[in-house]
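*Asks:* Contents of data.cif (mmCIF, C-alpha atoms and all ligand atoms) are given next:
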data_model
loop_
_atom_site.group_PDB
_atom_site.id
_atom_site.type_symbol
_atom_site.label_atom_id
_atom_site.label_comp_id
_atom_site.auth_asym_id
_atom_site.auth_seq_id
_atom_site.Cartn_x
_atom_site.Cartn_y
_atom_site.Cartn_z
ATOM 1 C CA MET A 21 -22.335 59.250 18.570
ATOM 2 C CA THR A 22 -20.424 60.792 21.460
ATOM 3 C CA GLU A 23 -18.118 58.507 23.378
ATOM 4 C CA ARG A 24 -14.544 57.835 24.423
ATOM 5 C CA ARG A 25 -12.668 54.765 23.278
ATOM 6 C CA PHE A 26 -9.459 53.574 24.910
ATOM 7 C CA ASP A 27 -6.380 52.821 22.805
ATOM 8 C CA PRO A 28 -4.628 50.053 24.766
ATOM 9 C CA THR A 29 -1.606 50.246 22.438
ATOM 10 C CA ARG A 30 -0.819 53.810 23.557
ATOM 11 C CA GLY A 31 -2.702 53.902 26.842
ATOM 12 C CA GLU A 32 -4.734 56.910 25.675
ATOM 13 C CA TRP A 33 -8.387 57.838 25.334
ATOM 14 C CA VAL A 34 -9.721 59.085 22.001
ATOM 15 C CA THR A 35 -12.976 61.043 21.953
ATOM 16 C CA PHE A 36 -15.587 60.680 19.212
ATOM 17 C CA ALA A 37 -18.043 63.524 18.711
ATOM 18 C CA THR A 38 -19.571 62.826 15.330
ATOM 19 C CA HIS A 39 -22.290 65.502 15.817
ATOM 20 C CA ARG A 40 -19.474 68.044 15.498
ATOM 21 C CA GLN A 41 -19.295 67.258 11.753
ATOM 22 C CA ASN A 42 -22.383 69.471 11.341
ATOM 23 C CA ARG A 43 -21.122 72.413 13.375
ATOM 24 C CA THR A 44 -21.201 75.903 11.940
ATOM 25 C CA TYR A 45 -18.449 75.979 9.327
ATOM 26 C CA LYS A 46 -17.214 79.336 8.092
ATOM 27 C CA PRO A 47 -20.680 80.904 7.748
ATOM 28 C CA ALA A 48 -20.780 83.489 4.959
ATOM 29 C CA ASP A 49 -22.833 86.303 6.457
ATOM 30 C CA TYR A 50 -23.966 85.103 9.885
ATOM 31 C CA CYS A 51 -21.650 85.034 12.896
ATOM 32 C CA PRO A 52 -22.965 83.230 15.999
ATOM 33 C CA LEU A 53 -20.360 85.008 18.176
ATOM 34 C CA CYS A 54 -21.357 88.568 17.208
ATOM 35 C CA PRO A 55 -23.705 90.492 19.524
ATOM 36 C CA THR A 56 -27.444 90.189 18.811
ATOM 37 C CA ARG A 57 -28.325 93.443 17.069
ATOM 38 C CA PRO A 58 -31.881 94.809 17.315
ATOM 39 C CA GLY A 59 -34.099 93.443 14.531
ATOM 40 C CA GLU A 60 -31.500 90.872 13.405
ATOM 41 C CA GLU A 61 -31.260 87.112 13.819
ATOM 42 C CA PRO A 62 -30.310 86.183 17.424
ATOM 43 C CA THR A 63 -26.741 84.949 17.955
ATOM 44 C CA GLU A 64 -25.267 82.943 20.859
ATOM 45 C CA ILE A 65 -24.985 86.212 22.794
ATOM 46 C CA PRO A 66 -28.332 87.906 23.552
ATOM 47 C CA TYR A 67 -26.892 91.426 24.060
ATOM 48 C CA PRO A 68 -26.382 94.335 21.646
ATOM 49 C CA SER A 69 -22.794 94.777 22.891
ATOM 50 C CA PHE A 70 -20.433 93.088 25.347
ATOM 51 C CA GLU A 71 -16.832 93.007 26.576
ATOM 52 C CA VAL A 72 -16.022 89.303 27.158
ATOM 53 C CA ALA A 73 -18.656 86.546 26.899
ATOM 54 C CA THR A 74 -18.389 82.912 27.971
ATOM 55 C CA PHE A 75 -20.906 80.091 27.455
ATOM 56 C CA ASP A 76 -21.169 76.342 26.788
ATOM 57 C CA ASN A 77 -20.134 75.222 23.300
ATOM 58 C CA ARG A 78 -23.235 74.188 21.323
ATOM 59 C CA PHE A 79 -21.243 71.403 19.667
ATOM 60 C CA PRO A 80 -19.251 70.063 22.618
ATOM 61 C CA SER A 81 -16.699 67.261 22.542
ATOM 62 C CA PHE A 82 -17.358 66.750 26.280
ATOM 63 C CA SER A 83 -20.573 67.559 28.153
ATOM 64 C CA PRO A 84 -21.900 67.321 31.745
ATOM 65 C CA ARG A 85 -24.607 64.780 30.842
ATOM 66 C CA PRO A 86 -23.189 62.807 27.921
ATOM 67 C CA PRO A 87 -25.155 60.007 26.260
ATOM 68 C CA ALA A 88 -24.174 56.418 26.994
ATOM 69 C CA PRO A 89 -21.563 55.101 24.532
ATOM 70 C CA ALA A 90 -23.192 53.694 21.395
ATOM 71 C CA VAL A 91 -20.742 50.806 21.213
ATOM 72 C CA GLU A 92 -20.161 48.118 23.826
ATOM 73 C CA GLY A 93 -16.708 48.063 25.411
ATOM 74 C CA SER A 94 -14.593 45.072 26.416
ATOM 75 C CA ALA A 95 -11.607 44.296 28.626
ATOM 76 C CA LEU A 96 -9.335 45.024 25.642
ATOM 77 C CA TYR A 97 -11.333 48.054 24.443
ATOM 78 C CA PRO A 98 -12.774 50.070 27.360
ATOM 79 C CA VAL A 99 -15.361 52.734 26.396
ATOM 80 C CA ALA A 100 -16.631 55.659 28.481
ATOM 81 C CA PRO A 101 -19.111 58.510 28.148
ATOM 82 C CA ALA A 102 -17.573 61.812 26.988
ATOM 83 C CA SER A 103 -18.188 63.643 30.253
ATOM 84 C CA GLY A 104 -16.672 67.060 30.888
ATOM 85 C CA ARG A 105 -17.211 70.621 29.716
ATOM 86 C CA CYS A 106 -16.508 72.690 26.623
ATOM 87 C CA GLU A 107 -16.859 76.439 26.933
ATOM 88 C CA VAL A 108 -16.382 79.270 24.470
ATOM 89 C CA VAL A 109 -14.741 82.548 25.504
ATOM 90 C CA VAL A 110 -15.522 85.403 23.105
ATOM 91 C CA TYR A 111 -12.830 88.064 23.442
ATOM 92 C CA SER A 112 -14.680 91.055 22.002
ATOM 93 C CA ASP A 113 -17.893 92.084 20.261
ATOM 94 C CA ASP A 114 -15.782 93.371 17.353
ATOM 95 C CA HIS A 115 -16.003 90.662 14.690
ATOM 96 C CA ASP A 116 -12.808 91.756 12.921
ATOM 97 C CA ALA A 117 -10.527 92.123 15.957
ATOM 98 C CA THR A 118 -7.865 89.574 16.930
ATOM 99 C CA PHE A 119 -6.329 88.842 20.323
ATOM 100 C CA ALA A 120 -3.344 91.014 19.316
ATOM 101 C CA ASP A 121 -5.651 94.007 18.633
ATOM 102 C CA LEU A 122 -7.238 93.975 22.091
ATOM 103 C CA GLU A 123 -6.550 96.705 24.661
ATOM 104 C CA LEU A 124 -4.417 95.502 27.564
ATOM 105 C CA GLU A 125 -7.391 96.016 29.904
ATOM 106 C CA ARG A 126 -9.428 93.548 27.833
ATOM 107 C CA VAL A 127 -6.640 90.947 27.770
ATOM 108 C CA ARG A 128 -6.426 91.299 31.560
ATOM 109 C CA MET A 129 -10.177 90.649 31.773
ATOM 110 C CA ILE A 130 -9.737 87.500 29.640
ATOM 111 C CA VAL A 131 -6.961 86.286 32.000
ATOM 112 C CA ASP A 132 -9.465 86.646 34.876
ATOM 113 C CA VAL A 133 -12.098 84.719 32.900
ATOM 114 C CA TRP A 134 -9.625 81.861 32.228
ATOM 115 C CA ALA A 135 -8.683 81.829 35.934
ATOM 116 C CA ASP A 136 -12.282 81.963 37.201
ATOM 117 C CA ARG A 137 -13.514 79.281 34.810
ATOM 118 C CA SER A 138 -10.464 77.099 35.622
ATOM 119 C CA ALA A 139 -11.395 77.291 39.316
ATOM 120 C CA ILE A 140 -15.104 76.629 38.724
ATOM 121 C CA LEU A 141 -14.658 73.765 36.228
ATOM 122 C CA GLY A 142 -11.827 72.338 38.343
ATOM 123 C CA ASP A 143 -14.194 72.067 41.328
ATOM 124 C CA ASP A 144 -16.380 69.643 39.365
ATOM 125 C CA PRO A 145 -15.408 66.114 40.498
ATOM 126 C CA ALA A 146 -16.088 64.856 36.943
ATOM 127 C CA ILE A 147 -13.307 67.096 35.576
ATOM 128 C CA ALA A 148 -9.637 66.153 36.025
ATOM 129 C CA TYR A 149 -7.969 68.788 33.872
ATOM 130 C CA VAL A 150 -8.899 72.290 32.682
ATOM 131 C CA MET A 151 -7.144 73.661 29.591
ATOM 132 C CA PRO A 152 -7.904 77.106 28.158
ATOM 133 C CA PHE A 153 -6.754 77.386 24.541
ATOM 134 C CA GLU A 154 -7.179 79.343 21.335
ATOM 135 C CA ASN A 155 -6.940 78.173 17.738
ATOM 136 C CA LYS A 156 -6.293 81.250 15.639
ATOM 137 C CA GLY A 157 -6.531 81.299 11.855
ATOM 138 C CA GLU A 158 -7.826 78.971 9.168
ATOM 139 C CA THR A 159 -4.472 77.167 8.941
ATOM 140 C CA VAL A 160 -5.053 75.700 12.402
ATOM 141 C CA GLY A 161 -8.658 74.813 11.672
ATOM 142 C CA THR A 162 -10.613 77.733 13.116
ATOM 143 C CA THR A 163 -14.167 77.555 11.773
ATOM 144 C CA LEU A 164 -15.279 80.986 13.075
ATOM 145 C CA SER A 165 -13.087 84.056 12.525
ATOM 146 C CA HIS A 166 -14.671 86.105 15.351
ATOM 147 C CA PRO A 167 -11.959 86.419 18.064
ATOM 148 C CA HIS A 168 -12.539 83.671 20.604
ATOM 149 C CA GLY A 169 -10.927 80.858 22.530
ATOM 150 C CA GLN A 170 -12.160 77.764 24.299
ATOM 151 C CA ILE A 171 -11.860 76.053 27.660
ATOM 152 C CA TYR A 172 -12.027 72.274 27.830
ATOM 153 C CA GLY A 173 -12.700 70.471 31.098
ATOM 154 C CA TYR A 174 -11.389 66.948 30.453
ATOM 155 C CA PRO A 175 -12.487 63.844 32.384
ATOM 156 C CA ASP A 176 -8.823 62.807 32.674
ATOM 157 C CA ILE A 177 -5.393 64.381 32.201
ATOM 158 C CA PRO A 178 -4.714 64.701 28.443
ATOM 159 C CA PRO A 179 -1.630 62.841 27.108
ATOM 160 C CA LEU A 180 0.724 65.828 26.598
ATOM 161 C CA PRO A 181 0.227 67.496 29.998
ATOM 162 C CA LEU A 182 0.499 64.021 31.548
ATOM 163 C CA ARG A 183 3.849 63.436 29.819
ATOM 164 C CA GLU A 184 5.086 66.783 31.100
ATOM 165 C CA LEU A 185 3.948 65.914 34.615
ATOM 166 C CA ASP A 186 5.671 62.521 34.481
ATOM 167 C CA ALA A 187 8.889 64.164 33.266
ATOM 168 C CA ALA A 188 8.588 66.772 36.045
ATOM 169 C CA LEU A 189 8.097 64.035 38.656
ATOM 170 C CA GLU A 190 11.223 62.279 37.380
ATOM 171 C CA HIS A 191 13.222 65.551 37.443
ATOM 172 C CA ARG A 192 12.056 66.202 41.009
ATOM 173 C CA ARG A 193 13.074 62.700 42.098
ATOM 174 C CA ARG A 194 16.532 63.283 40.665
ATOM 175 C CA THR A 195 17.163 66.911 41.661
ATOM 176 C CA GLY A 196 14.567 67.822 44.269
ATOM 177 C CA SER A 197 13.271 70.781 42.253
ATOM 178 C CA CYS A 198 10.547 71.744 39.783
ATOM 179 C CA VAL A 199 11.845 71.347 36.226
ATOM 180 C CA HIS A 200 9.907 74.421 35.062
ATOM 181 C CA CYS A 201 11.378 76.587 37.878
ATOM 182 C CA ASP A 202 14.815 75.384 36.729
ATOM 183 C CA VAL A 203 14.050 76.047 33.034
ATOM 184 C CA VAL A 204 12.716 79.583 33.593
ATOM 185 C CA ALA A 205 15.712 80.455 35.815
ATOM 186 C CA ALA A 206 18.137 79.036 33.215
ATOM 187 C CA GLU A 207 16.487 80.991 30.371
ATOM 188 C CA VAL A 208 16.583 84.275 32.305
ATOM 189 C CA ALA A 209 20.239 83.695 33.235
ATOM 190 C CA ASP A 210 21.182 82.848 29.637
ATOM 191 C CA GLY A 211 19.013 85.438 27.898
ATOM 192 C CA ARG A 212 19.581 84.303 24.287
ATOM 193 C CA ARG A 213 16.102 82.836 23.911
ATOM 194 C CA VAL A 214 14.195 85.360 26.059
ATOM 195 C CA VAL A 215 11.645 87.279 23.992
ATOM 196 C CA ALA A 216 10.323 89.594 26.729
ATOM 197 C CA GLU A 217 10.100 89.892 30.505
ATOM 198 C CA GLN A 218 7.436 91.615 32.541
ATOM 199 C CA GLY A 219 7.478 91.674 36.344
ATOM 200 C CA ARG A 220 7.553 88.075 37.554
ATOM 201 C CA LEU A 221 6.776 86.527 34.145
ATOM 202 C CA VAL A 222 9.004 85.604 31.220
ATOM 203 C CA ALA A 223 8.334 84.812 27.526
ATOM 204 C CA TRP A 224 10.964 82.745 25.733
ATOM 205 C CA VAL A 225 11.546 80.395 22.822
ATOM 206 C CA PRO A 226 12.189 76.948 24.330
ATOM 207 C CA PHE A 227 15.683 75.464 23.945
ATOM 208 C CA TRP A 228 13.862 72.488 22.363
ATOM 209 C CA ALA A 229 11.198 74.435 20.378
ATOM 210 C CA ARG A 230 9.247 71.988 18.188
ATOM 211 C CA PHE A 231 7.679 74.766 16.134
ATOM 212 C CA PRO A 232 10.088 77.375 14.701
ATOM 213 C CA TYR A 233 8.453 80.360 16.429
ATOM 214 C CA GLU A 234 7.115 78.544 19.489
ATOM 215 C CA VAL A 235 6.987 80.743 22.600
ATOM 216 C CA HIS A 236 6.359 79.747 26.202
ATOM 217 C CA ILE A 237 5.260 82.158 28.923
ATOM 218 C CA ALA A 238 5.569 81.299 32.627
ATOM 219 C CA PRO A 239 6.012 82.899 36.037
ATOM 220 C CA ARG A 240 9.497 82.739 37.583
ATOM 221 C CA PRO A 241 8.074 81.746 41.006
ATOM 222 C CA HIS A 242 6.381 78.357 41.273
ATOM 223 C CA ARG A 243 2.684 78.937 40.508
ATOM 224 C CA PRO A 244 0.709 75.788 39.647
ATOM 225 C CA THR A 245 -2.516 77.334 38.277
ATOM 226 C CA LEU A 246 -4.102 80.369 36.611
ATOM 227 C CA PRO A 247 -6.350 80.995 39.659
ATOM 228 C CA GLY A 248 -3.178 80.894 41.795
ATOM 229 C CA LEU A 249 -1.694 83.998 40.094
ATOM 230 C CA ASP A 250 -2.018 87.187 42.139
ATOM 231 C CA ASP A 251 -3.208 90.481 40.618
ATOM 232 C CA ALA A 252 0.278 91.696 39.701
ATOM 233 C CA GLU A 253 1.126 88.362 38.028
ATOM 234 C CA ARG A 254 -2.131 88.459 36.047
ATOM 235 C CA ASP A 255 -1.177 91.975 34.864
ATOM 236 C CA ASP A 256 2.240 90.633 33.817
ATOM 237 C CA LEU A 257 0.684 87.656 32.000
ATOM 238 C CA ALA A 258 -1.789 89.870 30.111
ATOM 239 C CA SER A 259 1.027 92.182 29.114
ATOM 240 C CA LEU A 260 3.326 89.399 27.844
ATOM 241 C CA LEU A 261 0.518 87.642 25.937
ATOM 242 C CA SER A 262 -0.243 90.922 24.220
ATOM 243 C CA VAL A 263 3.445 91.619 23.467
ATOM 244 C CA VAL A 264 3.957 88.146 21.949
ATOM 245 C CA ALA A 265 0.699 88.190 19.924
ATOM 246 C CA ARG A 266 1.696 91.597 18.479
ATOM 247 C CA ALA A 267 5.265 90.445 17.793
ATOM 248 C CA TYR A 268 3.847 87.509 15.804
ATOM 249 C CA ASP A 269 1.816 89.903 13.613
ATOM 250 C CA GLN A 270 4.797 92.221 13.251
ATOM 251 C CA LEU A 271 7.141 89.376 12.266
ATOM 252 C CA TRP A 272 6.049 89.139 8.599
ATOM 253 C CA GLY A 273 3.403 91.865 8.511
ATOM 254 C CA PHE A 274 0.296 89.666 8.570
ATOM 255 C CA SER A 275 -1.922 88.224 11.277
ATOM 256 C CA LEU A 276 -0.035 85.034 12.190
ATOM 257 C CA PRO A 277 -2.061 81.908 12.986
ATOM 258 C CA TYR A 278 -1.219 80.003 16.167
ATOM 259 C CA VAL A 279 -2.402 77.536 18.754
ATOM 260 C CA MET A 280 -2.153 78.917 22.287
ATOM 261 C CA ALA A 281 -2.817 76.729 25.336
ATOM 262 C CA PHE A 282 -2.277 76.790 29.085
ATOM 263 C CA HIS A 283 -0.906 73.861 31.026
ATOM 264 C CA GLN A 284 -1.638 73.918 34.736
ATOM 265 C CA ARG A 285 -2.066 71.589 37.717
ATOM 266 C CA PRO A 286 -4.629 68.836 37.193
ATOM 267 C CA SER A 287 -7.868 69.334 39.134
ATOM 268 C CA ASP A 288 -8.240 65.625 39.926
ATOM 269 C CA GLY A 289 -7.645 66.199 43.654
ATOM 270 C CA ASP A 290 -4.224 64.495 43.741
ATOM 271 C CA ASP A 291 -1.934 66.648 45.975
ATOM 272 C CA GLY A 292 1.147 65.035 44.415
ATOM 273 C CA TRP A 293 0.871 67.281 41.338
ATOM 274 C CA GLU A 294 1.337 70.556 43.243
ATOM 275 C CA PRO A 295 5.174 70.639 43.395
ATOM 276 C CA VAL A 296 5.586 69.555 39.741
ATOM 277 C CA SER A 297 2.825 71.622 38.095
ATOM 278 C CA HIS A 298 4.090 74.985 36.916
ATOM 279 C CA LEU A 299 1.614 77.105 34.969
ATOM 280 C CA HIS A 300 2.768 77.970 31.463
ATOM 281 C CA ALA A 301 1.314 79.131 28.176
ATOM 282 C CA GLU A 302 2.516 77.471 24.973
ATOM 283 C CA LEU A 303 2.072 79.387 21.713
ATOM 284 C CA CYS A 304 2.751 77.465 18.513
ATOM 285 C CA PRO A 305 2.422 79.201 15.134
ATOM 286 C CA PRO A 306 2.414 76.704 12.234
ATOM 287 C CA ASN A 307 4.605 78.932 10.017
ATOM 288 C CA ARG A 308 8.322 78.384 9.495
ATOM 289 C CA ALA A 309 8.494 81.352 7.100
ATOM 290 C CA ALA A 310 6.061 83.995 5.831
ATOM 291 C CA ASP A 311 4.937 81.735 2.982
ATOM 292 C CA ARG A 312 5.818 78.300 4.315
ATOM 293 C CA LEU A 313 4.099 76.138 6.896
ATOM 294 C CA LYS A 314 5.668 73.501 9.055
ATOM 295 C CA TYR A 315 3.643 70.405 8.235
ATOM 296 C CA LEU A 316 3.524 67.579 10.721
ATOM 297 C CA ALA A 317 4.506 64.667 8.535
ATOM 298 C CA GLY A 318 6.210 61.280 8.789
ATOM 299 C CA SER A 319 8.726 61.951 11.525
ATOM 300 C CA GLU A 320 6.474 64.211 13.615
ATOM 301 C CA LEU A 321 3.097 62.501 13.127
ATOM 302 C CA ALA A 322 4.195 58.896 12.977
ATOM 303 C CA GLY A 323 7.326 59.089 15.095
ATOM 304 C CA GLY A 324 6.523 61.971 17.425
ATOM 305 C CA ALA A 325 10.072 63.122 16.625
ATOM 306 C CA PHE A 326 10.153 66.798 15.663
ATOM 307 C CA VAL A 327 12.689 68.159 13.192
ATOM 308 C CA THR A 328 12.821 71.980 13.276
ATOM 309 C CA ASP A 329 14.143 74.335 10.601
ATOM 310 C CA VAL A 330 14.904 77.445 12.657
ATOM 311 C CA ALA A 331 17.374 77.782 15.540
ATOM 312 C CA PRO A 332 15.487 78.848 18.686
ATOM 313 C CA GLU A 333 18.114 81.567 19.329
ATOM 314 C CA ALA A 334 17.474 83.040 15.852
ATOM 315 C CA ALA A 335 13.686 82.856 16.336
ATOM 316 C CA ALA A 336 13.958 84.694 19.683
ATOM 317 C CA SER A 337 16.149 87.361 18.105
ATOM 318 C CA ALA A 338 13.639 87.832 15.222
ATOM 319 C CA LEU A 339 10.786 88.155 17.724
ATOM 320 C CA ARG A 340 12.730 90.723 19.797
ATOM 321 C CA ASP A 341 13.301 92.726 16.585
ATOM 322 C CA ALA A 342 9.585 92.474 15.797
ATOM 323 C CA ILE A 343 8.771 93.889 19.254
ATOM 324 C CA ARG A 344 11.172 96.810 18.661
ATOM 325 C CA ARG A 345 9.666 97.504 15.226
ATOM 326 C CA GLY A 346 6.161 97.469 16.685
ATOM 327 C CA ARG A 347 6.915 100.170 19.270
HETATM 328 ZN ZN ZN B 401 -18.712 87.885 14.693
HETATM 329 ZN ZN ZN B 402 7.972 75.429 39.292
#
Show the structure stored in the file as structure tokens.
*Replies:*
Amino acid sequence: MTERRFDPTRGEWVTFATHRQNRTYKPADYCPLCPTRPGEEPTEIPYPSFEVATFDNRFPSFSPRPPAPAVEGSALYPVAPASGRCEVVVYSDDHDATFADLELERVRMIVDVWADRSAILGDDPAIAYVMPFENKGETVGTTLSHPHGQIYGYPDIPPLPLRELDAALEHRRRTGSCVHCDVVAAEVADGRRVVAEQGRLVAWVPFWARFPYEVHIAPRPHRPTLPGLDDAERDDLASLLSVVARAYDQLWGFSLPYVMAFHQRPSDGDDGWEPVSHLHAELCPPNRAADRLKYLAGSELAGGAFVTDVAPEAAASALRDAIRRGR
């Protein structure tokens, strides 16, 4: 069963992909993302070595030719096929590497892959929103430890980016400017929450961080999409992503899990999004201390109201120290 069901009480689609229950789960001695070595069982990647590889997810939540929904919809409960794309981006042929271990040149190559795939998937009229992301570590549900991320091409704008866009539209109506341009300028001027700066890009802990060590990365100039970054800005982005990933590992001396995702302009063809879409990466580690996780519980899960244990200014200062220690 692969289908989307509409929740009329929240105005949101929920996707069902029950075939994903049988996807490869922490295989003991076989890694489908490793290169195919001569004489060994073929993997997803038919080469003995590679730099960055990208291909369609074998267990997709969204696909270009989805089956018809198994259940019949109604006026109250609309249903839709799960159309879209799910791609895998393998960062390296080294099974034991992590994003933080990669050479800057390789991270830069991955930035280009995200940008190119965002442009290509975004051109598909069936796709309204392209979101590259990475789930790193077992704590955030990664089933394969080989360093990789994913790119989802959604058939509509997912709820969180849509909320950001609505808030940005409201801010623009009130002030005439892009809320993200205003936020980045305010953070640079203040400095207390800035983790690192590189060229035209900035990494900072948000004033309103929901996760204790949450970091956002964005360009200071208004750039709506990954493909819209020029070469110098892509260099800056690669550099900051690498700096932040390494600072996370330096923080407590172990490879810190996180969810990293990019929010960018929807690709649904609506020109109205351009002035309120400001590309940014959001990195959210689940830890609030070396040995303690921030669980999403009653207030966060049921109320959507986050309660955070660490002051964003203290988190930024700890991350700046981690960068200094790592040099
Ligand atoms: Zn592997
Ligand atoms: Zn902006």
*Asks:* With the file shown as input, list the residues that the PyMOL selection byres (((not hetatm)) within 12 of (chain B and resi 402)) selects, as JSON, numbers by chain.
*Replies:* {"A": [185, 188, 189, 191, 192, 196, 197, 198, 199, 200, 201, 202, 203, 204, 205, 238, 239, 240, 241, 242, 243, 244, 245, 284, 285, 293, 294, 295, 296, 297, 298, 299, 300]}
*Asks:* Quick one: apply the PyMOL selection byres (((not hetatm)) within 8 of (chain B and resi 401)) to the file and drop the selected residues here as an MDAnalysis selection string.
*Replies:* chainID A and resid 50:55 113:116 164:167
*Asks:* Would you please work out which residue, of A:Asp144, A:Glu158, A:Glu234, A:Asp255, is nearest to Ala335 in chain A when using only C-alpha atoms?
*Replies:*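 Of A:Asp144, A:Glu158, A:Glu234, A:Asp255, the one nearest Ala335 in chain A, counting only C-alpha atoms, is A:Glu234.
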*Asks:* With distances taken over all atoms listed in the file, which residue among A:Ala301, A:Gly318, A:Arg212, A:Ser259 lies nearest Pro332 in chain A?
*Replies:* A:Arg212
*Asks:* My list of candidates is A:Thr195, A:Gln170, A:Thr56, A:Thr29. Which is closest to Tyr111 in chain A when distances are computed with all atoms listed in the file?
*Replies:*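 Using all atoms listed in the file, the shortest distance to Tyr111 in chain A belongs to A:Gln170.
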*Asks:* To verify the selection step, state as JSON, numbers by chain which residues the PyMOL selection byres (((chain A and resi 236) around 12) and not hetatm) yields on this input.
*Replies:* {"A": [200, 203, 204, 207, 213, 214, 215, 216, 217, 221, 222, 223, 224, 225, 226, 227, 228, 229, 230, 231, 233, 234, 235, 237, 238, 239, 257, 260, 261, 264, 265, 279, 280, 281, 282, 283, 298, 299, 300, 301, 302, 303, 304, 305, 332, 336]}
*Asks:* Closest to Pro145 in chain A among A:Gly59, A:Gly289, A:Pro80, A:Gly93, using all atoms listed in the file?
*Replies:*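 Of A:Gly59, A:Gly289, A:Pro80, A:Gly93, the one nearest Pro145 in chain A, counting all atoms listed in the file, is A:Gly289.
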*Asks:* When you count all atoms listed in the file, which of these residues is closest to Asp250 in chain A: A:Met21, A:Ala135, A:Ala37, A:Val99?
*Replies:*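 Checking each of A:Met21, A:Ala135, A:Ala37, A:Val99 against Asp250 in chain A, counting all atoms listed in the file, the winner is A:Ala135.
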*Asks:* Could you give me, as a ChimeraX atom specification, the residues within 9 Å of Ala120 in chain A, counting all atoms listed in the file and dropping anything in the same chain fewer than 5 positions from it?
*Replies:* /A:261-269,275
*Asks:* Expressed in Å to a single decimal, how great is the separation between CA of Ser83 in chain A and CA of Ala102 in chain A?
*Replies:*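 Straight-line distance from CA of Ser83 in chain A to CA of Ala102 in chain A works out to 6.6 Å.
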*Asks:* Can you tell me, as a PDB file with C-alpha atoms, in the frame of the given file, which residues sit within 6 Å of (-15.2, 84.6, 22.5) in the file's frame, using only C-alpha atoms?
*Replies:*
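Full text of point17.pdb as output:
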ATOM      1  CA  ALA A  73     -18.656  86.546  26.899  1.00  0.00           C
ATOM      2  CA  VAL A 108     -16.382  79.270  24.470  1.00  0.00           C
ATOM      3  CA  VAL A 109     -14.741  82.548  25.504  1.00  0.00           C
ATOM      4  CA  VAL A 110     -15.522  85.403  23.105  1.00  0.00           C
ATOM      5  CA  TYR A 111     -12.830  88.064  23.442  1.00  0.00           C
ATOM      6  CA  PRO A 167     -11.959  86.419  18.064  1.00  0.00           C
ATOM      7  CA  HIS A 168     -12.539  83.671  20.604  1.00  0.00           C
ATOM      8  CA  GLY A 169     -10.927  80.858  22.530  1.00  0.00           C
TER       9      GLY A 169
END
*Asks:* Record the distance separating CA of Arg78 in chain A and CA of Ala148 in chain A, expressed in Å with one decimal.
*Replies:* 21.6 Å
*Asks:* As an mmCIF file, in the coordinates of the input, could you write out range 80-92 of chain A once it has been completed with N, CA and C atoms?
*Replies:*
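Dumped to part_10.cif:
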data_model
loop_
_atom_site.group_PDB
_atom_site.id
_atom_site.type_symbol
_atom_site.label_atom_id
_atom_site.label_comp_id
_atom_site.auth_asym_id
_atom_site.auth_seq_id
_atom_site.Cartn_x
_atom_site.Cartn_y
_atom_site.Cartn_z
ATOM 1 N N PRO A 80 -20.360 70.420 21.734
ATOM 2 C CA PRO A 80 -19.251 70.063 22.618
ATOM 3 C C PRO A 80 -18.655 68.691 22.321
ATOM 4 N N SER A 81 -17.342 68.574 22.586
ATOM 5 C CA SER A 81 -16.699 67.261 22.542
ATOM 6 C C SER A 81 -16.959 66.523 23.861
ATOM 7 N N PHE A 82 -17.084 67.315 24.952
ATOM 8 C CA PHE A 82 -17.358 66.750 26.280
ATOM 9 C C PHE A 82 -18.532 67.530 26.873
ATOM 10 N N SER A 83 -19.436 66.851 27.565
ATOM 11 C CA SER A 83 -20.573 67.559 28.153
ATOM 12 C C SER A 83 -20.916 66.975 29.529
ATOM 13 N N PRO A 84 -21.622 67.760 30.374
ATOM 14 C CA PRO A 84 -21.900 67.321 31.745
ATOM 15 C C PRO A 84 -22.802 66.086 31.797
ATOM 16 N N ARG A 85 -23.727 65.955 30.847
ATOM 17 C CA ARG A 85 -24.607 64.780 30.842
ATOM 18 C C ARG A 85 -24.509 64.092 29.483
ATOM 19 N N PRO A 86 -23.389 63.404 29.247
ATOM 20 C CA PRO A 86 -23.189 62.807 27.921
ATOM 21 C C PRO A 86 -24.067 61.573 27.747
ATOM 22 N N PRO A 87 -24.409 61.248 26.500
ATOM 23 C CA PRO A 87 -25.155 60.007 26.260
ATOM 24 C C PRO A 87 -24.284 58.794 26.576
ATOM 25 N N ALA A 88 -24.935 57.656 26.790
ATOM 26 C CA ALA A 88 -24.174 56.418 26.994
ATOM 27 C C ALA A 88 -23.445 56.086 25.692
ATOM 28 N N PRO A 89 -22.269 55.474 25.764
ATOM 29 C CA PRO A 89 -21.563 55.101 24.532
ATOM 30 C C PRO A 89 -22.447 54.217 23.652
ATOM 31 N N ALA A 90 -22.348 54.443 22.334
ATOM 32 C CA ALA A 90 -23.192 53.694 21.395
ATOM 33 C C ALA A 90 -22.656 52.283 21.184
ATOM 34 N N VAL A 91 -21.365 52.104 21.456
ATOM 35 C CA VAL A 91 -20.742 50.806 21.213
ATOM 36 C C VAL A 91 -20.463 50.144 22.565
ATOM 37 N N GLU A 92 -20.455 48.817 22.583
ATOM 38 C CA GLU A 92 -20.161 48.118 23.826
ATOM 39 C C GLU A 92 -18.653 47.945 23.987
#
